[in-house]
file data36.cif (mmCIF, C-alpha atoms)
data_data
loop_
_atom_site.label_atom_id
_atom_site.label_comp_id
_atom_site.auth_asym_id
_atom_site.auth_seq_id
_atom_site.Cartn_x
_atom_site.Cartn_y
_atom_site.Cartn_z
CA MET A 1 0.00 0.00 0.00
CA THR A 2 1.21 3.48 -0.85
CA THR A 3 1.07 5.85 2.10
CA GLY A 4 0.09 9.48 2.09
CA ALA A 5 3.22 10.66 3.89
CA LEU A 6 4.12 13.45 1.48
CA VAL A 7 7.45 14.20 3.08
CA GLN A 8 8.77 10.66 2.57
CA ASP A 9 8.10 10.09 -1.13
CA LYS A 10 9.95 11.54 -4.10
CA PRO A 11 7.49 13.68 -6.07
CA TYR A 12 7.31 14.47 -9.76
CA VAL A 13 8.24 18.13 -10.18
CA ILE A 14 5.63 19.96 -12.25
CA ASP A 15 6.98 22.25 -14.98
CA PRO A 16 6.02 25.80 -13.90
CA ALA A 17 5.67 26.91 -17.53
CA GLY A 18 3.45 24.01 -18.57
CA ALA A 19 5.47 23.63 -21.76
CA ASP A 20 4.24 20.09 -22.53
CA LEU A 21 0.95 19.53 -20.74
CA HIS A 22 0.06 16.39 -22.71
CA GLY A 23 3.47 14.83 -22.19
CA GLU A 24 3.42 15.63 -18.50
CA ALA A 25 -0.04 14.05 -18.11
CA ALA A 26 1.32 10.85 -19.69
CA LEU A 27 4.30 10.81 -17.31
CA LEU A 28 2.00 11.23 -14.32
CA ARG A 29 -0.18 8.33 -15.45
CA GLU A 30 2.88 6.09 -15.37
CA ARG A 31 3.06 6.73 -11.60
CA GLY A 32 -0.31 5.17 -10.83
CA ALA A 33 -3.85 6.26 -10.07
CA ALA A 34 -2.58 9.25 -8.07
CA ALA A 35 0.93 10.64 -8.46
CA LEU A 36 2.76 12.63 -5.84
CA VAL A 37 3.78 15.97 -7.39
CA GLU A 38 5.70 19.04 -6.34
CA LEU A 39 4.33 22.42 -7.43
CA PRO A 40 6.31 25.69 -7.42
CA ALA A 41 7.41 26.87 -3.96
CA GLY A 42 7.84 23.23 -2.93
CA ILE A 43 4.13 22.52 -2.44
CA ARG A 44 3.41 18.80 -2.50
CA ALA A 45 0.10 17.31 -3.55
CA TRP A 46 -1.56 14.20 -4.95
CA ALA A 47 -2.41 14.37 -8.65
CA PRO A 48 -5.13 11.90 -9.69
CA THR A 49 -4.25 10.54 -13.13
CA ARG A 50 -7.35 8.44 -13.82
CA TYR A 51 -10.72 9.73 -14.88
CA ASP A 52 -12.66 7.62 -12.38
CA VAL A 53 -10.35 8.53 -9.47
CA LEU A 54 -10.55 12.27 -10.12
CA LYS A 55 -14.33 12.11 -10.55
CA GLN A 56 -14.62 10.26 -7.24
CA LEU A 57 -12.49 12.80 -5.38
CA LEU A 58 -14.27 15.82 -6.87
CA ALA A 59 -17.58 14.59 -5.47
CA ASP A 60 -16.24 13.17 -2.19
CA GLU A 61 -17.51 14.97 0.93
CA ARG A 62 -14.22 14.05 2.59
CA VAL A 63 -12.46 16.46 0.21
CA SER A 64 -12.49 20.19 1.01
CA LYS A 65 -11.37 23.33 -0.85
CA ASN A 66 -10.96 25.42 2.31
CA PRO A 67 -7.28 25.74 3.26
CA ARG A 68 -8.13 27.72 6.38
CA LEU A 69 -9.84 24.65 7.80
CA HIS A 70 -8.21 21.64 6.17
CA TRP A 71 -4.67 22.36 4.91
CA PRO A 72 -2.22 22.15 7.82
CA ALA A 73 0.56 23.91 5.90
CA TRP A 74 -1.63 26.94 5.22
CA ILE A 75 -2.95 27.00 8.77
CA ALA A 76 0.67 27.03 9.95
CA GLY A 77 1.31 30.14 7.85
CA GLU A 78 3.25 28.50 5.01
CA TYR A 79 3.11 29.60 1.34
CA ARG A 80 1.19 32.82 2.09
CA ASP A 81 3.60 34.93 0.01
CA THR A 82 3.82 32.59 -2.99
CA TRP A 83 1.87 32.14 -6.24
CA ILE A 84 -0.61 29.79 -4.53
CA ASN A 85 -2.08 32.67 -2.54
CA SER A 86 -3.97 33.85 -5.65
CA TRP A 87 -5.69 30.46 -5.84
CA VAL A 88 -6.29 29.36 -2.27
CA GLY A 89 -5.99 32.61 -0.32
CA VAL A 90 -9.28 33.97 -1.63
CA SER A 91 -12.57 33.96 0.29
CA ASN A 92 -15.28 32.93 -2.15
CA MET A 93 -17.14 29.81 -3.23
CA PHE A 94 -13.95 28.53 -4.92
CA THR A 95 -12.34 27.94 -1.51
CA ALA A 96 -15.47 27.33 0.54
CA TYR A 97 -16.63 24.07 2.08
CA GLY A 98 -20.00 22.76 3.21
CA SER A 99 -22.60 25.33 4.24
CA ASP A 100 -20.29 28.26 3.40
CA HIS A 101 -20.00 27.01 -0.17
CA ARG A 102 -23.76 26.63 -0.50
CA ARG A 103 -24.29 30.15 0.85
CA LEU A 104 -21.84 31.77 -1.54
CA ARG A 105 -22.87 29.76 -4.60
CA LYS A 106 -26.52 30.64 -4.03
CA LEU A 107 -25.64 34.34 -4.38
CA VAL A 108 -23.96 33.89 -7.76
CA ALA A 109 -26.13 31.17 -9.33
CA PRO A 110 -29.04 33.51 -10.29
CA ALA A 111 -26.80 35.26 -12.83
CA PHE A 112 -26.25 31.99 -14.68
CA THR A 113 -29.69 30.35 -14.79
CA LYS A 114 -30.77 28.77 -18.07
CA ARG A 115 -33.28 31.54 -18.65
CA ARG A 116 -30.69 34.28 -18.18
CA THR A 117 -28.13 32.39 -20.24
CA ASP A 118 -30.53 31.81 -23.14
CA ALA A 119 -31.51 35.48 -23.03
CA LEU A 120 -27.88 36.41 -23.74
CA ARG A 121 -27.85 34.67 -27.14
CA PRO A 122 -28.78 37.76 -29.20
CA ARG A 123 -26.12 39.86 -27.49
CA ILE A 124 -23.46 37.20 -28.06
CA VAL A 125 -24.39 37.13 -31.75
CA GLU A 126 -24.13 40.93 -31.90
CA ILE A 127 -20.68 41.02 -30.30
CA ALA A 128 -19.40 38.18 -32.49
CA THR A 129 -20.71 39.86 -35.64
CA GLU A 130 -19.12 43.18 -34.71
CA LEU A 131 -15.75 41.56 -34.04
CA LEU A 132 -15.88 39.59 -37.30
CA ASP A 133 -16.72 42.80 -39.20
CA ARG A 134 -13.62 44.42 -37.73
CA MET A 135 -11.48 41.44 -38.69
CA ALA A 136 -12.82 41.55 -42.24
CA GLU A 137 -11.53 45.13 -42.56
CA LEU A 138 -7.93 44.20 -41.75
CA PRO A 139 -5.99 45.22 -44.88
CA ASP A 140 -3.56 42.31 -45.00
CA GLY A 141 -6.05 39.58 -44.08
CA ARG A 142 -4.02 38.53 -41.05
CA ALA A 143 -5.02 38.54 -37.39
CA ASP A 144 -4.19 37.28 -33.94
CA LEU A 145 -7.35 35.30 -33.39
CA ARG A 146 -7.07 35.53 -29.62
CA ALA A 147 -6.72 39.29 -29.49
CA ALA A 148 -9.22 39.98 -32.26
CA TYR A 149 -11.96 37.49 -31.40
CA ALA A 150 -11.50 34.77 -28.77
CA HIS A 151 -10.65 37.22 -25.98
CA PRO A 152 -12.87 40.27 -26.57
CA LEU A 153 -16.08 38.28 -27.11
CA PRO A 154 -16.36 36.68 -23.63
CA MET A 155 -14.62 39.62 -21.96
CA ARG A 156 -17.14 42.13 -23.26
CA LEU A 157 -20.06 39.89 -22.37
CA ILE A 158 -19.02 39.21 -18.78
CA CYS A 159 -18.17 42.90 -18.26
CA GLU A 160 -21.64 43.89 -19.48
CA MET A 161 -23.23 41.34 -17.15
CA PHE A 162 -21.33 42.74 -14.17
CA GLY A 163 -21.47 46.38 -15.15
CA LEU A 164 -17.72 46.91 -15.56
CA PRO A 165 -16.93 50.20 -17.31
CA GLU A 166 -14.86 49.99 -20.49
CA ASP A 167 -12.00 52.01 -19.03
CA ARG A 168 -11.37 49.29 -16.41
CA GLN A 169 -11.63 46.27 -18.67
CA ALA A 170 -8.10 46.30 -20.09
CA ASP A 171 -6.49 46.52 -16.65
CA LEU A 172 -8.71 43.77 -15.28
CA ALA A 173 -7.96 41.48 -18.23
CA ARG A 174 -4.23 42.07 -17.76
CA LEU A 175 -4.40 41.27 -14.06
CA ILE A 176 -6.46 38.12 -14.55
CA GLU A 177 -3.98 36.91 -17.16
CA ALA A 178 -1.13 37.58 -14.74
CA ASN A 179 -3.07 35.75 -12.04
CA VAL A 180 -3.07 32.45 -13.97
CA SER A 181 0.64 32.60 -14.76
CA THR A 182 2.64 30.08 -12.76
CA THR A 183 6.09 31.37 -13.68
CA VAL A 184 5.92 34.63 -11.74
CA THR A 185 8.11 35.48 -8.78
CA PRO A 186 6.58 35.73 -5.29
CA GLU A 187 6.95 39.52 -5.52
CA GLN A 188 5.10 39.63 -8.84
CA ALA A 189 2.34 37.36 -7.51
CA MET A 190 1.75 39.55 -4.48
CA ALA A 191 1.85 42.74 -6.56
CA THR A 192 -0.84 41.31 -8.85
CA TRP A 193 -2.86 40.25 -5.82
CA HIS A 194 -2.85 43.74 -4.33
CA GLU A 195 -3.51 45.48 -7.64
CA VAL A 196 -6.47 43.35 -8.64
CA HIS A 197 -8.05 43.68 -5.20
CA ALA A 198 -7.57 47.46 -5.27
CA LEU A 199 -9.18 47.64 -8.71
CA LEU A 200 -12.18 45.56 -7.64
CA ALA A 201 -12.55 47.49 -4.38
CA GLY A 202 -12.70 50.66 -6.46
CA LEU A 203 -15.41 49.15 -8.66
CA VAL A 204 -17.44 48.20 -5.60
CA ALA A 205 -17.12 51.74 -4.24
CA ASP A 206 -18.29 53.17 -7.58
CA LYS A 207 -21.30 50.83 -7.67
CA ARG A 208 -22.23 51.74 -4.10
CA ARG A 209 -22.42 55.37 -5.19
CA ARG A 210 -24.16 54.61 -8.50
CA PRO A 211 -25.84 51.19 -8.44
CA GLY A 212 -27.15 49.73 -11.69
CA ASP A 213 -28.94 46.72 -13.10
CA ASP A 214 -25.93 44.42 -12.96
CA MET A 215 -24.46 41.61 -10.89
CA ILE A 216 -21.98 43.77 -8.97
CA SER A 217 -24.83 45.95 -7.73
CA ALA A 218 -26.85 42.84 -6.85
CA LEU A 219 -23.99 41.37 -4.84
CA ILE A 220 -23.41 44.68 -3.07
CA ALA A 221 -27.09 44.73 -2.12
CA ALA A 222 -26.74 41.25 -0.66
CA ARG A 223 -23.67 42.41 1.28
CA ASP A 224 -25.10 45.70 2.55
CA GLU A 225 -28.68 44.64 3.24
CA GLU A 226 -27.77 41.33 4.81
CA GLY A 227 -24.25 41.79 6.06
CA SER A 228 -24.11 38.40 7.70
CA ARG A 229 -24.47 36.72 4.32
CA LEU A 230 -21.52 38.22 2.48
CA SER A 231 -18.45 39.86 3.99
CA GLU A 232 -16.60 42.63 2.16
CA ILE A 233 -13.66 40.36 1.28
CA GLU A 234 -16.07 37.65 0.12
CA LEU A 235 -17.73 40.22 -2.12
CA ILE A 236 -14.47 41.29 -3.76
CA ASP A 237 -13.12 37.75 -4.07
CA THR A 238 -16.43 36.56 -5.54
CA LEU A 239 -16.16 39.25 -8.22
CA LEU A 240 -12.60 38.13 -8.97
CA LEU A 241 -13.77 34.54 -9.35
CA VAL A 242 -16.81 35.03 -11.54
CA ILE A 243 -15.29 37.72 -13.77
CA GLY A 244 -12.01 35.83 -14.16
CA ALA A 245 -13.53 32.40 -14.69
CA GLY A 246 -16.36 33.95 -16.68
CA HIS A 247 -14.12 35.07 -19.48
CA GLU A 248 -10.64 33.50 -19.33
CA THR A 249 -11.84 29.91 -19.61
CA THR A 250 -14.11 30.75 -22.56
CA VAL A 251 -11.23 32.58 -24.27
CA ASN A 252 -9.25 29.35 -24.11
CA LEU A 253 -12.19 27.18 -25.17
CA ILE A 254 -12.70 29.20 -28.36
CA GLY A 255 -8.99 29.52 -29.07
CA ASN A 256 -8.21 25.86 -28.38
CA ALA A 257 -11.08 24.71 -30.61
CA VAL A 258 -9.91 26.87 -33.50
CA HIS A 259 -6.31 25.77 -33.09
CA ALA A 260 -7.33 22.08 -32.94
CA LEU A 261 -9.53 22.33 -36.04
CA LEU A 262 -6.90 24.17 -38.07
CA GLY A 263 -4.45 21.42 -37.11
CA HIS A 264 -6.91 18.74 -38.23
CA PRO A 265 -8.26 19.99 -41.59
CA ASP A 266 -9.93 16.66 -42.39
CA GLN A 267 -12.06 16.96 -39.27
CA LEU A 268 -12.79 20.62 -39.96
CA ALA A 269 -14.05 19.64 -43.42
CA ARG A 270 -16.51 17.19 -41.86
CA VAL A 271 -17.78 19.83 -39.49
CA ARG A 272 -18.20 22.35 -42.29
CA ALA A 273 -20.03 19.76 -44.36
CA GLY A 274 -22.54 19.30 -41.54
CA GLU A 275 -21.48 15.71 -40.83
CA VAL A 276 -20.42 16.65 -37.29
CA ASP A 277 -22.21 19.18 -35.10
CA TRP A 278 -20.33 22.09 -33.54
CA SER A 279 -21.35 20.81 -30.11
CA GLU A 280 -19.16 17.76 -30.77
CA VAL A 281 -16.22 20.06 -31.50
CA ILE A 282 -16.77 21.88 -28.22
CA GLU A 283 -16.96 18.72 -26.10
CA GLU A 284 -13.92 17.14 -27.75
CA THR A 285 -11.97 20.36 -27.20
CA LEU A 286 -12.95 20.36 -23.53
CA ARG A 287 -11.75 16.76 -23.24
CA TRP A 288 -8.53 17.04 -25.26
CA ALA A 289 -7.54 20.63 -24.46
CA PRO A 290 -9.51 21.81 -21.41
CA SER A 291 -9.27 25.51 -20.64
CA ILE A 292 -8.00 24.58 -17.18
CA ALA A 293 -5.51 21.72 -17.38
CA ASN A 294 -4.91 21.46 -13.64
CA LEU A 295 -6.40 23.25 -10.68
CA PRO A 296 -5.02 23.78 -7.15
CA LEU A 297 -5.98 22.78 -4.49
CA ARG A 298 -8.24 20.48 -2.51
CA TYR A 299 -7.53 18.80 0.86
CA ALA A 300 -8.36 15.50 2.46
CA VAL A 301 -10.62 16.11 5.48
CA GLU A 302 -9.86 12.57 6.63
CA ASP A 303 -7.82 9.63 5.36
CA ILE A 304 -8.97 8.51 1.89
CA THR A 305 -7.92 5.16 0.44
CA LEU A 306 -8.11 4.96 -3.36
CA PRO A 307 -9.14 1.75 -5.17
CA ASP A 308 -5.50 0.86 -5.91
CA GLY A 309 -4.61 1.15 -2.21
CA THR A 310 -3.03 4.62 -2.35
CA LEU A 311 -3.68 6.45 0.90
CA ILE A 312 -4.28 10.19 0.75
CA ALA A 313 -3.80 11.14 4.37
CA ARG A 314 -5.82 13.69 6.26
CA GLY A 315 -4.52 17.18 5.46
CA ASP A 316 -2.80 16.13 2.23
CA ALA A 317 -3.32 18.48 -0.72
CA ILE A 318 -4.96 17.25 -3.93
CA PHE A 319 -4.24 18.69 -7.37
CA ALA A 320 -7.20 18.37 -9.78
CA THR A 321 -5.80 17.09 -13.08
CA TYR A 322 -8.58 17.67 -15.63
CA LEU A 323 -6.36 17.18 -18.68
CA ALA A 324 -4.90 13.87 -17.48
CA ALA A 325 -8.41 12.62 -16.73
CA GLY A 326 -9.63 13.57 -20.20
CA LEU A 327 -6.71 11.72 -21.80
CA ASP A 328 -7.09 8.59 -19.67
CA PRO A 329 -6.85 5.48 -21.91
CA LEU A 330 -8.84 3.51 -19.34
CA ARG A 331 -11.77 5.81 -20.13
CA HIS A 332 -11.19 6.72 -23.77
CA GLY A 333 -9.14 3.84 -25.14
CA GLU A 334 -5.85 3.83 -27.00
CA SER A 335 -6.89 6.87 -29.05
CA ALA A 336 -7.39 9.02 -25.92
CA GLY A 337 -4.44 11.25 -26.85
CA ARG A 338 -5.85 12.13 -30.28
CA PHE A 339 -8.24 14.97 -31.11
CA ASP A 340 -11.25 13.35 -32.79
CA VAL A 341 -14.56 15.16 -33.16
CA THR A 342 -16.21 11.89 -34.25
CA ARG A 343 -15.32 10.17 -30.97
CA ALA A 344 -18.44 8.55 -29.50
CA ASP A 345 -17.51 9.08 -25.85
CA LYS A 346 -16.28 12.61 -25.19
CA GLU A 347 -16.98 12.53 -21.44
CA HIS A 348 -14.74 14.96 -19.54
CA LEU A 349 -14.38 16.80 -16.24
CA ALA A 350 -13.32 20.15 -17.70
CA PHE A 351 -16.05 21.99 -15.79
CA GLY A 352 -15.48 20.01 -12.62
CA HIS A 353 -17.90 17.63 -10.93
CA GLY A 354 -19.98 17.60 -7.78
CA VAL A 355 -20.86 20.66 -5.72
CA HIS A 356 -18.10 22.75 -7.30
CA TYR A 357 -19.27 22.11 -10.89
CA CYS A 358 -18.77 25.34 -12.84
CA VAL A 359 -21.88 27.49 -12.55
CA GLY A 360 -21.01 29.22 -15.82
CA ALA A 361 -20.59 26.07 -17.93
CA PRO A 362 -23.82 26.59 -19.95
CA LEU A 363 -22.77 30.15 -20.81
CA ALA A 364 -19.30 29.05 -21.93
CA ARG A 365 -20.81 26.39 -24.17
CA LEU A 366 -23.30 28.87 -25.62
CA GLU A 367 -20.59 31.41 -26.43
CA ALA A 368 -18.50 28.76 -28.19
CA GLN A 369 -21.57 27.38 -29.98
CA ILE A 370 -22.14 30.83 -31.47
CA ALA A 371 -18.54 31.98 -31.94
CA LEU A 372 -17.12 28.98 -33.79
CA PRO A 373 -19.59 28.54 -36.68
CA ALA A 374 -19.78 32.34 -37.07
CA LEU A 375 -15.99 32.53 -37.45
CA PHE A 376 -15.60 29.70 -39.93
CA GLY A 377 -18.72 30.78 -41.80
CA ARG A 378 -17.37 34.31 -42.24
CA PHE A 379 -13.85 33.18 -43.15
CA PRO A 380 -14.07 29.79 -44.92
CA GLY A 381 -10.43 30.10 -45.95
CA LEU A 382 -9.18 30.55 -42.37
CA SER A 383 -5.74 29.01 -41.98
CA PRO A 384 -2.74 29.09 -39.61
CA ASP A 385 -0.23 31.90 -40.10
CA GLY A 386 2.70 30.73 -38.03
CA PRO A 387 3.34 29.04 -34.70
CA VAL A 388 1.16 29.70 -31.70
CA GLU A 389 2.51 31.00 -28.41
CA GLN A 390 1.26 28.97 -25.46
CA VAL A 391 0.31 30.55 -22.14
CA GLN A 392 3.07 29.92 -19.59
CA SER A 393 1.03 28.06 -17.02
CA PHE A 394 0.44 24.53 -15.83
CA ILE A 395 -3.04 25.65 -14.76
CA ALA A 396 -4.45 27.42 -17.83
CA TYR A 397 -4.38 25.61 -21.18
CA GLY A 398 -4.43 28.17 -23.95
CA TYR A 399 -2.41 30.39 -26.26
CA ARG A 400 -1.18 33.95 -25.90
CA GLU A 401 -1.34 34.40 -29.66
CA ILE A 402 -3.06 32.47 -32.47
CA PRO A 403 -1.87 33.99 -35.76
CA VAL A 404 -4.23 33.25 -38.67
CA ARG A 405 -4.84 34.20 -42.29
CA LEU A 406 -8.46 35.10 -42.86
CA ARG A 407 -8.46 34.47 -46.62
#
call {"tool": "encode", "arguments": {"input": "data36.cif", "output": "structure tokens"}}
result
Amino acid sequence: MTTGALVQDKPYVIDPAGADLHGEAALLRERGAAALVELPAGIRAWAPTRYDVLKQLLADERVSKNPRLHWPAWIAGEYRDTWINSWVGVSNMFTAYGSDHRRLRKLVAPAFTKRRTDALRPRIVEIATELLDRMAELPDGRADLRAAYAHPLPMRLICEMFGLPEDRQADLARLIEANVSTTVTPEQAMATWHEVHALLAGLVADKRRRPGDDMISALIAARDEEGSRLSEIELIDTLLLVIGAGHETTVNLIGNAVHALLGHPDQLARVRAGEVDWSEVIEETLRWAPSIANLPLRYAVEDITLPDGTLIARGDAIFATYLAAGLDPLRHGESAGRFDVTRADKEHLAFGHGVHYCVGAPLARLEAQIALPALFGRFPGLSPDGPVEQVQSFIAYGYREIPVRLR
């Protein structure tokens, strides 16, 4: 039996830059159902490598996301000034457990109901059409697809939903991008932390003075009218979560789908011919290139023994490996590592599972469902125009630039 004594086992050291996410997932799978890994700053955690094991842990009540209650290292004051602070040092539903999680999720969920999501369809179409019109006017027929389309579409939509003024959007996008980088120094990580919180605190102050029909104003009302329900730091950290997750993951979903299709022209031809629905493209992208490859951290509330006998001891950290799970041959067969829009079983965990399942998943799917056919319909000759530049992160799976020729 493998024990959960993290200090006694030699871990696999995760590449901070995430230069080969697929290759790293394969190496982790060679280490068993859950591999011991070391993240930057020397943080050790268990990385589930099998689809069924990760799914089990994501829904297990014995697994918490609250470091203040269930991660001994954090409770002891360790890692507070490192990159991990941006992920586990927040106070929102992302790091909540039990009744606190239910309380915080209930405040955000109304913004993402099916009715509200469906009502956004016309606006998504409008934004996509406007962006495509601008791309069509580019004199040389070349564009960075991320900057021209994949990023501004979800960013504009989420900012409209939350009432963010245009003059703050660029700064917020820059800070959120810096937040997902895992190659920054501790000083850079803390500087980003303070800057993004100052920006959001300023937005909250503005909305208190001039409330509107938007989600920031609604959350402020919940905070100010029922102060016991939402603290000030929970309010700001909730905004950081929903605005960041509400656009950055969709940016990567759109960009990754385009990049995958351009790299597999035979499959793109079948989609264009109507043989394969765009929804199949979206689900295969989420399986093969999920917007979040890995996500820190969860913690064992008590000892957990996995089916292969591996013991994750109480207090041990758990690293959610969505990419490795999606590429698991035990789930998807020998072809698991290949992008295939005709694959019958595209089951994935890209949006999580259990109580922390992404509340914005339907909106992300809707945006991609509109954005992708609109793009390829407008530019049927779309083709790559050089190598892509991958985001330097083992958490986010996406590209900083996607150069394309439009015609």
call {"tool": "closest_residue", "arguments": {"input": "data36.cif", "among": "A:Leu54, A:Leu375, A:Ile124, A:Val108", "to": "Ala350 in chain A", "atoms": "only C-alpha atoms"}}
result
A:Leu54
call {"tool": "resolve_selection", "arguments": {"input": "data36.cif", "expression": "the PyMOL selection byres ((chain A and resi 321) around 8)", "output": "VMD selection string"}}
result
chain A and resid 47 to 49 54 293 to 295 319 to 320 322 to 325
call {"tool": "atom_distance", "arguments": {"input": "data36.cif", "atom1": "CA of Trp74 in chain A", "atom2": "CA of Phe351 in chain A"}}
result
26.0 Å
call {"tool": "closest_residue", "arguments": {"input": "data36.cif", "among": "A:Val125, A:Cys159, A:Val359, A:Leu297", "to": "Ile395 in chain A", "atoms": "all atoms listed in the file"}}
result
A:Leu297
call {"tool": "closest_atom_pairs", "arguments": {"input": "data36.cif", "of": "range 334-404 of chain A", "to": "range 272-281 of chain A", "cutoff": "8 Å", "atoms": "all atoms listed in the file", "output": "tab-separated table"}}
result
residue	atom	partner	partner_atom	distance
A:Val341	CA	A:Val281	CA	5.4
A:Thr342	CA	A:Val276	CA	7.0
A:Gln369	CA	A:Trp278	CA	6.5
A:Leu372	CA	A:Trp278	CA	7.6
A:Pro373	CA	A:Trp278	CA	7.2
call {"tool": "resolve_selection", "arguments": {"input": "data36.cif", "expression": "the PyMOL selection byres ((chain A and resi 167-170) around 12)", "output": "PyMOL selection string"}}
result
chain A and resi 147+151-152+154-160+162-166+171-177+196+198-200+202-203+206+243-244+247
call {"tool": "closest_residue", "arguments": {"input": "data36.cif", "among": "A:His22, A:Arg31, A:Arg142, A:His197", "to": "Tyr397 in chain A", "atoms": "all atoms listed in the file"}}
result
A:His22
call {"tool": "closest_residue", "arguments": {"input": "data36.cif", "among": "A:Gln390, A:Val53, A:Asn256, A:Glu38", "to": "Ile304 in chain A", "atoms": "all atoms listed in the file"}}
result
A:Val53
call {"tool": "atom_distance", "arguments": {"input": "data36.cif", "atom1": "CA of Val271 in chain A", "atom2": "CA of Leu382 in chain A"}}
result
14.0 Å
